[in-house]
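Visitor: My questions all concern the structure below.
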Amino acid sequence: MLKVLKWIGIAFGSLVGMLLVIGFVLFLIGNGRLNKTYDFPPSNIVVPTDAASIERGKHRVQVLCTGCHGADLSGVNNWFAVGPLGTIDSANLTSGEGGIGREFTKDEDYVRALRHGIDPEGKPIYMPAVPATSHLSDEELGAVIAYLKTIPPVDHKTNGHQFTLMAKILMAAGVFGKLPVEAVSHETNVTTPPAGVTEDYGKYLVDINDCRTCHGQELSGGKHPDPSVKVIVPNITPGGELAAWSETDFITAIRNGVTPSGHQLNPDLMPWKDYGLLTDDELKAIWLYIHSLPKLPQVTK
């Protein structure tokens, strides 16, 4: 009996030791991904200084950025916090103390962050919107940078991402998918179709406004990208509820957060207050694009 217990103890100890080794290796891999340095060719984007371009940049920033970075763009502490995994603060985008306006000394630093998902040193930033902002055209990205360089400084220190050992292990195991820098195409120059009420421009707006992160690459819904959120994201192709909506219904829902059936949209899950800042023509273009898509069934996984 003692011999059996001895062998059980040895087997158990070996298993624990093996798991510790695997965990340590995964930690090194995850940590390596977070500290890897990247280099991409410069875009040579021209940052305009005229009032019209800065106003255009302001419009894009108000829709794309304030929801995560705050109304004054000074960042939000614990923007994402899951106890055992760590925290993510959204960055202070101003030139105040703790802001990227002090850290980013060149226009290309903004490009590297928004288009490639890396900081001035070439290391990954964990900004989930990068797969969307990477689609901004050279002209609009230049306008966004121009506006960001004009906003009032706000002193507010944020701490970036603070991932725990467990989070790094899970990251190496692929639980969290790709880092933003690993997910985008890293195009050097990006163009956009002419602005207007067209399907092509609607697709551009869907791409830059991060709709696919939650609604899926084909916009047919599915599980929320945040595993702690236990909801099924709706299908917004003509195969879903929107098939029964009119263009006016769609614009009203985005402006007021209420669907034709009377359902109140949760602004924490569907940032309708931000998207409500889009112009009527922009919303009409998005409506045209999503109604041009195939009638896909609701994804539930």
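Ordering of the structure tokens sets the chain letters (A, B, ...), residue numbers begin anew at 1 in every chain, and ligands are numbered from 1 in the order given.
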With 12 Å as the cut-off and only C-alpha atoms counted, what is the closest atom pair between each nearby residue of segment 184-227 of chain A and segment 34-47 of chain A? Distances in Å to one decimal, ordered by chain and number, as a Markdown table.
Guide:
| residue | atom | partner | partner_atom | distance |
| --- | --- | --- | --- | --- |
| A:Ser185 | CA | A:Phe40 | CA | 11.1 |
| A:His186 | CA | A:Phe40 | CA | 7.6 |
| A:Glu187 | CA | A:Ser43 | CA | 8.7 |
| A:Thr188 | CA | A:Ser43 | CA | 5.1 |
| A:Asn189 | CA | A:Ser43 | CA | 6.2 |
| A:Val190 | CA | A:Ser43 | CA | 9.3 |
| A:Thr191 | CA | A:Ile45 | CA | 11.7 |
Visitor: Would you mind reading off the distance between atom CA of Leu288 of chain A and atom CA of Pro193 of chain A, one decimal, in Å?
Guide: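 Atom CA of Pro193 of chain A lies 14.5 Å from atom CA of Leu288 of chain A.
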Visitor: Name the residues in contact with Gly160 of chain A at a cut-off of 8 Å, using only C-alpha atoms, excluding same-chain residues fewer than 6 positions from it; report them as a PyMOL selection string.
Guide: chain A and resi 88-91+125-126
Visitor: Considering only C-alpha atoms, state which residue in the set A:Val299, A:Glu282, A:Leu265, A:Val206 is at the smallest distance from Gly221 of chain A.
Guide: A:Val299
Visitor: Taking only C-alpha atoms into account, which of A:Leu93, A:Lys273, A:Gln217, A:Glu241 comes nearest Ser261 of chain A?
Guide: A:Glu241
Visitor: May I have the residues within 10 Å of Leu269 of chain A as a VMD selection string, using only C-alpha atoms and disregarding those fewer than 5 positions away in the same chain?
Guide: chain A and resid 214 224 229 231 233
Visitor: Rank nothing, just name the residue among A:Asp72, A:Asp274, A:Glu218, A:Asp281 nearest to Tyr201 of chain A, using only C-alpha atoms.
Guide: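 Among A:Asp72, A:Asp274, A:Glu218, A:Asp281, it is A:Asp281 that comes nearest to Tyr201 of chain A.
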Visitor: Looking only at the backbone, which of the residues in segment 50-117 of chain A does DSSP tag as strand (DSSP E), as JSON, numbers by chain?
Guide: {"A": [76, 77, 78, 79, 80, 81, 82, 86, 87, 88, 89, 90]}
Visitor: Write out the residues from the selection above, keeping C-alpha atoms, as a PDB file, in the first residue's frame.
Guide:
ATOM      1  CA  VAL A  76     -10.107  56.346 -18.431  1.00  0.00           C
ATOM      2  CA  ASN A  77      -8.478  54.370 -15.620  1.00  0.00           C
ATOM      3  CA  ASN A  78      -9.618  50.756 -15.377  1.00  0.00           C
ATOM      4  CA  TRP A  79     -11.395  51.110 -18.709  1.00  0.00           C
ATOM      5  CA  PHE A  80     -11.250  47.312 -18.827  1.00  0.00           C
ATOM      6  CA  ALA A  81     -10.746  45.401 -15.587  1.00  0.00           C
ATOM      7  CA  VAL A  82     -11.068  41.685 -14.953  1.00  0.00           C
ATOM      8  CA  GLY A  86      -5.404  42.616 -14.928  1.00  0.00           C
ATOM      9  CA  THR A  87      -6.496  46.015 -16.183  1.00  0.00           C
ATOM     10  CA  ILE A  88      -6.344  48.227 -19.252  1.00  0.00           C
ATOM     11  CA  ASP A  89      -6.463  52.021 -19.046  1.00  0.00           C
ATOM     12  CA  SER A  90      -7.449  53.938 -22.167  1.00  0.00           C
TER      13      SER A  90
END
Visitor: Name all residues at most 12 Å from Ala243 of chain A (count only C-alpha atoms; drop same-chain ones fewer than 4 positions away) and give them as a list in words.
Guide: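 The contact residues come out as Asn235, Ile236, Thr237, Pro238, Gly239, Glu247, Asp249, Phe250, Pro260, Trp287, Ile290, His291, Ser292, Leu293, Pro294, Lys295, Leu296 and Pro297 of chain A.
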Visitor: Could you tell me how far atom CA of Arg255 of chain A lies from atom CA of Leu278 of chain A, in Å and to one decimal?
Guide: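 Atom CA of Leu278 of chain A lies at a distance of 8.9 Å from atom CA of Arg255 of chain A.
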Visitor: Give the alpha helix (DSSP H) residues of segment 35-264 of chain A, as assigned by DSSP on the backbone, as a ChimeraX atom specification.
Guide: /A:35,51-64,66-69,100-103,107-111,130-133,138-148,165-172,180-183,199-208,211-215,247-256
Visitor: Which residues are close to Tyr204 of chain A, i.e. within 12 Å by only C-alpha atoms, leaving aside same-chain residues fewer than 2 positions away? Reply as a PyMOL selection string.
Guide: chain A and resi 132-137+140+190-202+206-212+282-283+285-286+288-290
Visitor: For the residues in that selection, give me C-alpha atoms as a CSV table (one decimal), in the first residue's frame.
Guide:
chain,number,residue,atom,x,y,z
A,132,ALA,CA,-10.9,49.8,-37.2
A,133,THR,CA,-8.7,52.9,-37.2
A,134,SER,CA,-6.2,51.1,-39.5
A,135,HIS,CA,-8.9,51.5,-42.2
A,136,LEU,CA,-8.8,55.3,-41.9
A,137,SER,CA,-7.7,56.8,-45.2
A,140,GLU,CA,-8.8,61.3,-42.7
A,190,VAL,CA,-5.0,53.8,-47.5
A,191,THR,CA,-7.6,55.5,-49.8
A,192,THR,CA,-11.3,55.9,-49.4
A,193,PRO,CA,-14.2,56.1,-51.8
A,194,PRO,CA,-15.7,59.6,-52.3
A,195,ALA,CA,-17.9,60.6,-49.4
A,196,GLY,CA,-21.6,60.3,-50.3
A,197,VAL,CA,-24.7,58.1,-49.8
A,198,THR,CA,-23.2,55.1,-51.5
A,199,GLU,CA,-22.6,51.4,-50.6
A,200,ASP,CA,-18.9,51.8,-51.0
A,201,TYR,CA,-18.7,54.8,-48.6
A,202,GLY,CA,-21.0,52.9,-46.2
A,206,VAL,CA,-18.6,50.4,-41.1
A,207,ASP,CA,-14.9,49.4,-41.2
A,208,ILE,CA,-13.6,52.5,-39.5
A,209,ASN,CA,-16.3,52.6,-36.8
A,210,ASP,CA,-15.4,49.2,-35.5
A,211,CYS,CA,-18.8,47.5,-36.2
A,212,ARG,CA,-17.1,44.2,-37.1
A,282,GLU,CA,-23.2,58.9,-43.2
A,283,LEU,CA,-26.0,56.9,-41.6
A,285,ALA,CA,-24.6,55.3,-46.5
A,286,ILE,CA,-24.2,52.7,-43.7
A,288,LEU,CA,-27.3,51.2,-48.0
A,289,TYR,CA,-24.2,49.0,-47.3
A,290,ILE,CA,-25.7,46.7,-44.7
Visitor: So, with only C-alpha atoms as the atoms that count, which of A:Ile169, A:Thr213, A:Pro84, A:His161 lies closest to Pro128 of chain A?
Guide: A:Thr213
Visitor: For Val144 of chain A, please output as a PDB file with C-alpha atoms, in the first residue's frame all residues within 8 Å (counting only C-alpha atoms; exclusion window: fewer than 2 positions along the same chain).
Guide:
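After the write, around_7.pdb holds the following:
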ATOM      1  CA  ILE A  54      -9.211  69.999 -38.319  1.00  0.00           C
ATOM      2  CA  ARG A  56     -13.204  66.930 -40.121  1.00  0.00           C
ATOM      3  CA  GLY A  57     -10.733  65.319 -37.744  1.00  0.00           C
ATOM      4  CA  LYS A  58     -12.817  66.492 -34.791  1.00  0.00           C
ATOM      5  CA  ARG A  60     -14.059  61.497 -36.612  1.00  0.00           C
ATOM      6  CA  VAL A  61     -12.553  61.717 -33.121  1.00  0.00           C
ATOM      7  CA  GLU A 140      -8.770  61.300 -42.719  1.00  0.00           C
ATOM      8  CA  LEU A 141      -5.969  59.939 -40.557  1.00  0.00           C
ATOM      9  CA  GLY A 142      -4.068  63.159 -41.210  1.00  0.00           C
ATOM     10  CA  ALA A 146      -4.310  67.419 -36.832  1.00  0.00           C
ATOM     11  CA  TYR A 147      -7.270  67.663 -34.474  1.00  0.00           C
ATOM     12  CA  LEU A 148      -5.622  65.650 -31.693  1.00  0.00           C
TER      13      LEU A 148
END
Visitor: So how many Å separate atom CA of Ala253 of chain A and atom CA of Pro267 of chain A, to one decimal?
Guide: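 Spanning atom CA of Ala253 of chain A to atom CA of Pro267 of chain A is a straight-line distance of 11.8 Å.
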